[in-house]
Amino acid sequence: MTLSFFLYSSLSPSPAAMGDLDLVVKTCNGVEDRQFCIVTFAYDPRSLAAGDAGGLARIAAEYAASNATGIIDYLTQLGGDSVAVEVENGCRVEYSNAVQGLGETLRDLGSNNYGGAAAAVGAAAGKPAACEKLFRDRGREYPSELAHWAEILQSLCRVSREIIVQLH
């Protein structure tokens, strides 16, 4: 099953959303992957109403949580022999922890606890590597589709974290 990912599949360009993107561009100028950052926000009308960089960090963290939830759904459908199921269960735990950490990120952003938010989103970004390690340690091939979604999750977490760091 293919994951439906918000960023590329559910957002459609809207002329209204392409209005004043000064905040997006200014904020994304301070992010390592500027192009990914801009694409993440450019067609989301919420970005124009974000108000500040903290609002954009929140949107990126929300996207990351949605992505991690989609990965959990994907892992639920893989199945296989007992070793595969063990690995998939371990990965679901890792991604559930990512979702929980991203929830903490959102709470910390809401209370202007930028250090806590940066730490929580940084921890969430490490969960895909932990899942990949589970596959490798058990001699299993890491599914390419999972690798693709994991990379997007890491990029979203990185964008959110780098924006949060700008807020300090």
# chains A, B, ... in the order shown; residues from 1 in each chain; ligands from 1
call {"tool": "select_by_dssp", "arguments": {"residues": "chain A", "states": "alpha helix (DSSP H)", "output": "number ranges by chain"}}
result
A: 22-28, 34-42, 45-48, 53-78, 82-110, 114-125, 127-137, 144-167
call {"tool": "closest_atom_pairs", "arguments": {"of": "range 34-82 of chain A", "to": "range 145-149 of chain A", "cutoff": "9 Å", "atoms": "only C-alpha atoms", "output": "tab-separated table"}}
result
residue	atom	partner	partner_atom	distance
A:Asn67	CA	A:Trp149	CA	7.3
A:Ala68	CA	A:Trp149	CA	8.3
A:Gly70	CA	A:Trp149	CA	8.8
A:Ile71	CA	A:Trp149	CA	7.1
A:Tyr74	CA	A:Leu146	CA	8.1
A:Leu75	CA	A:Leu146	CA	8.4
call {"tool": "residues_around", "arguments": {"residues": "Leu109 in chain A", "least_positions_apart": "3", "cutoff": "12 Å", "atoms": "only C-alpha atoms", "output": "PyMOL selection string"}}
result
chain A and resi 52-62+102-106+112-121+160-161+163-165+167-168
call {"tool": "closest_residue", "arguments": {"among": "A:Arg107, A:Cys157, A:Gly101, A:Gly90", "to": "Arg138 in chain A", "atoms": "only C-alpha atoms"}}
result
A:Gly90
call {"tool": "residues_around", "arguments": {"residues": "Ala64 in chain A", "least_positions_apart": "6", "cutoff": "9 Å", "atoms": "only C-alpha atoms", "output": "PDB file with all heavy atoms, in the first residue's frame"}}
result
ATOM      1  N   ALA A  98       8.082   8.504  18.084  1.00  0.00           N
ATOM      2  CA  ALA A  98       8.267   9.736  17.303  1.00  0.00           C
ATOM      3  C   ALA A  98       7.011  10.599  17.377  1.00  0.00           C
ATOM      4  O   ALA A  98       7.094  11.815  17.594  1.00  0.00           O
ATOM      5  CB  ALA A  98       8.607   9.407  15.850  1.00  0.00           C
ATOM      6  N   VAL A  99       5.845   9.979  17.204  1.00  0.00           N
ATOM      7  CA  VAL A  99       4.587  10.722  17.283  1.00  0.00           C
ATOM      8  C   VAL A  99       4.442  11.357  18.669  1.00  0.00           C
ATOM      9  O   VAL A  99       4.075  12.531  18.791  1.00  0.00           O
ATOM     10  CB  VAL A  99       3.379   9.816  16.957  1.00  0.00           C
ATOM     11  CG1 VAL A  99       2.062  10.527  17.246  1.00  0.00           C
ATOM     12  CG2 VAL A  99       3.425   9.363  15.506  1.00  0.00           C
ATOM     13  N   LEU A 102       6.780  14.269  18.939  1.00  0.00           N
ATOM     14  CA  LEU A 102       6.304  15.419  18.173  1.00  0.00           C
ATOM     15  C   LEU A 102       5.137  16.105  18.886  1.00  0.00           C
ATOM     16  O   LEU A 102       4.995  17.325  18.812  1.00  0.00           O
ATOM     17  CB  LEU A 102       5.941  14.991  16.751  1.00  0.00           C
ATOM     18  CG  LEU A 102       7.180  14.615  15.937  1.00  0.00           C
ATOM     19  CD1 LEU A 102       6.798  13.756  14.740  1.00  0.00           C
ATOM     20  CD2 LEU A 102       7.951  15.849  15.518  1.00  0.00           C
ATOM     21  N   ALA A 124      12.715  12.701  17.841  1.00  0.00           N
ATOM     22  CA  ALA A 124      11.801  12.096  16.866  1.00  0.00           C
ATOM     23  C   ALA A 124      12.521  11.834  15.542  1.00  0.00           C
ATOM     24  O   ALA A 124      12.276  10.817  14.880  1.00  0.00           O
ATOM     25  CB  ALA A 124      10.590  13.002  16.649  1.00  0.00           C
ATOM     26  N   ILE A 152      11.603  11.590   4.469  1.00  0.00           N
ATOM     27  CA  ILE A 152      10.736  12.768   4.546  1.00  0.00           C
ATOM     28  C   ILE A 152      10.502  13.151   6.006  1.00  0.00           C
ATOM     29  O   ILE A 152      10.565  14.333   6.362  1.00  0.00           O
ATOM     30  CB  ILE A 152       9.408  12.525   3.797  1.00  0.00           C
ATOM     31  CG1 ILE A 152       9.688  12.421   2.304  1.00  0.00           C
ATOM     32  CG2 ILE A 152       8.399  13.628   4.101  1.00  0.00           C
ATOM     33  CD1 ILE A 152       8.506  11.966   1.481  1.00  0.00           C
ATOM     34  N   LEU A 153      10.263  12.149   6.853  1.00  0.00           N
ATOM     35  CA  LEU A 153      10.071  12.430   8.279  1.00  0.00           C
ATOM     36  C   LEU A 153      11.304  13.123   8.859  1.00  0.00           C
ATOM     37  O   LEU A 153      11.190  14.129   9.566  1.00  0.00           O
ATOM     38  CB  LEU A 153       9.778  11.147   9.053  1.00  0.00           C
ATOM     39  CG  LEU A 153       9.699  11.301  10.575  1.00  0.00           C
ATOM     40  CD1 LEU A 153       8.592  12.265  10.984  1.00  0.00           C
ATOM     41  CD2 LEU A 153       9.515   9.946  11.233  1.00  0.00           C
ATOM     42  N   GLN A 154      12.468  12.600   8.547  1.00  0.00           N
ATOM     43  CA  GLN A 154      13.703  13.211   9.055  1.00  0.00           C
ATOM     44  C   GLN A 154      13.844  14.644   8.546  1.00  0.00           C
ATOM     45  O   GLN A 154      14.239  15.532   9.303  1.00  0.00           O
ATOM     46  CB  GLN A 154      14.908  12.370   8.661  1.00  0.00           C
ATOM     47  CG  GLN A 154      14.966  11.060   9.417  1.00  0.00           C
ATOM     48  CD  GLN A 154      16.033  10.128   8.890  1.00  0.00           C
ATOM     49  OE1 GLN A 154      16.233   9.987   7.683  1.00  0.00           O
ATOM     50  NE2 GLN A 154      16.730   9.471   9.802  1.00  0.00           N
ATOM     51  N   SER A 155      13.511  14.882   7.295  1.00  0.00           N
ATOM     52  CA  SER A 155      13.613  16.235   6.736  1.00  0.00           C
ATOM     53  C   SER A 155      12.631  17.190   7.415  1.00  0.00           C
ATOM     54  O   SER A 155      12.979  18.334   7.725  1.00  0.00           O
ATOM     55  CB  SER A 155      13.367  16.212   5.227  1.00  0.00           C
ATOM     56  OG  SER A 155      14.398  15.516   4.571  1.00  0.00           O
ATOM     57  N   LEU A 156      11.418  16.728   7.648  1.00  0.00           N
ATOM     58  CA  LEU A 156      10.432  17.575   8.332  1.00  0.00           C
ATOM     59  C   LEU A 156      10.876  17.893   9.751  1.00  0.00           C
ATOM     60  O   LEU A 156      10.759  19.037  10.204  1.00  0.00           O
ATOM     61  CB  LEU A 156       9.064  16.885   8.347  1.00  0.00           C
ATOM     62  CG  LEU A 156       8.353  16.821   7.008  1.00  0.00           C
ATOM     63  CD1 LEU A 156       7.200  15.825   7.059  1.00  0.00           C
ATOM     64  CD2 LEU A 156       7.862  18.204   6.593  1.00  0.00           C
ATOM     65  N   CYS A 157      11.400  16.887  10.444  1.00  0.00           N
ATOM     66  CA  CYS A 157      11.904  17.122  11.803  1.00  0.00           C
ATOM     67  C   CYS A 157      13.077  18.097  11.786  1.00  0.00           C
ATOM     68  O   CYS A 157      13.170  18.983  12.636  1.00  0.00           O
ATOM     69  CB  CYS A 157      12.322  15.807  12.453  1.00  0.00           C
ATOM     70  SG  CYS A 157      10.945  14.742  12.919  1.00  0.00           S
ATOM     71  N   SER A 160      11.749  21.622  11.209  1.00  0.00           N
ATOM     72  CA  SER A 160      11.130  22.123  12.438  1.00  0.00           C
ATOM     73  C   SER A 160      12.196  22.486  13.463  1.00  0.00           C
ATOM     74  O   SER A 160      12.153  23.568  14.062  1.00  0.00           O
ATOM     75  CB  SER A 160      10.167  21.073  13.006  1.00  0.00           C
ATOM     76  OG  SER A 160       9.505  21.581  14.130  1.00  0.00           O
TER      77      SER A 160
END
call {"tool": "closest_residue", "arguments": {"among": "A:Glu141, A:Asp44, A:Glu151, A:Glu32", "to": "Glu88 in chain A", "atoms": "only C-alpha atoms"}}
result
A:Glu141
call {"tool": "atom_distance", "arguments": {"atom1": "CA of Gly51 in chain A", "atom2": "CA of Val39 in chain A"}}
result
18.0 Å
call {"tool": "closest_residue", "arguments": {"among": "A:Asp108, A:Glu86, A:Asp22, A:Glu162", "to": "Asp137 in chain A", "atoms": "only C-alpha atoms"}}
result
A:Glu86
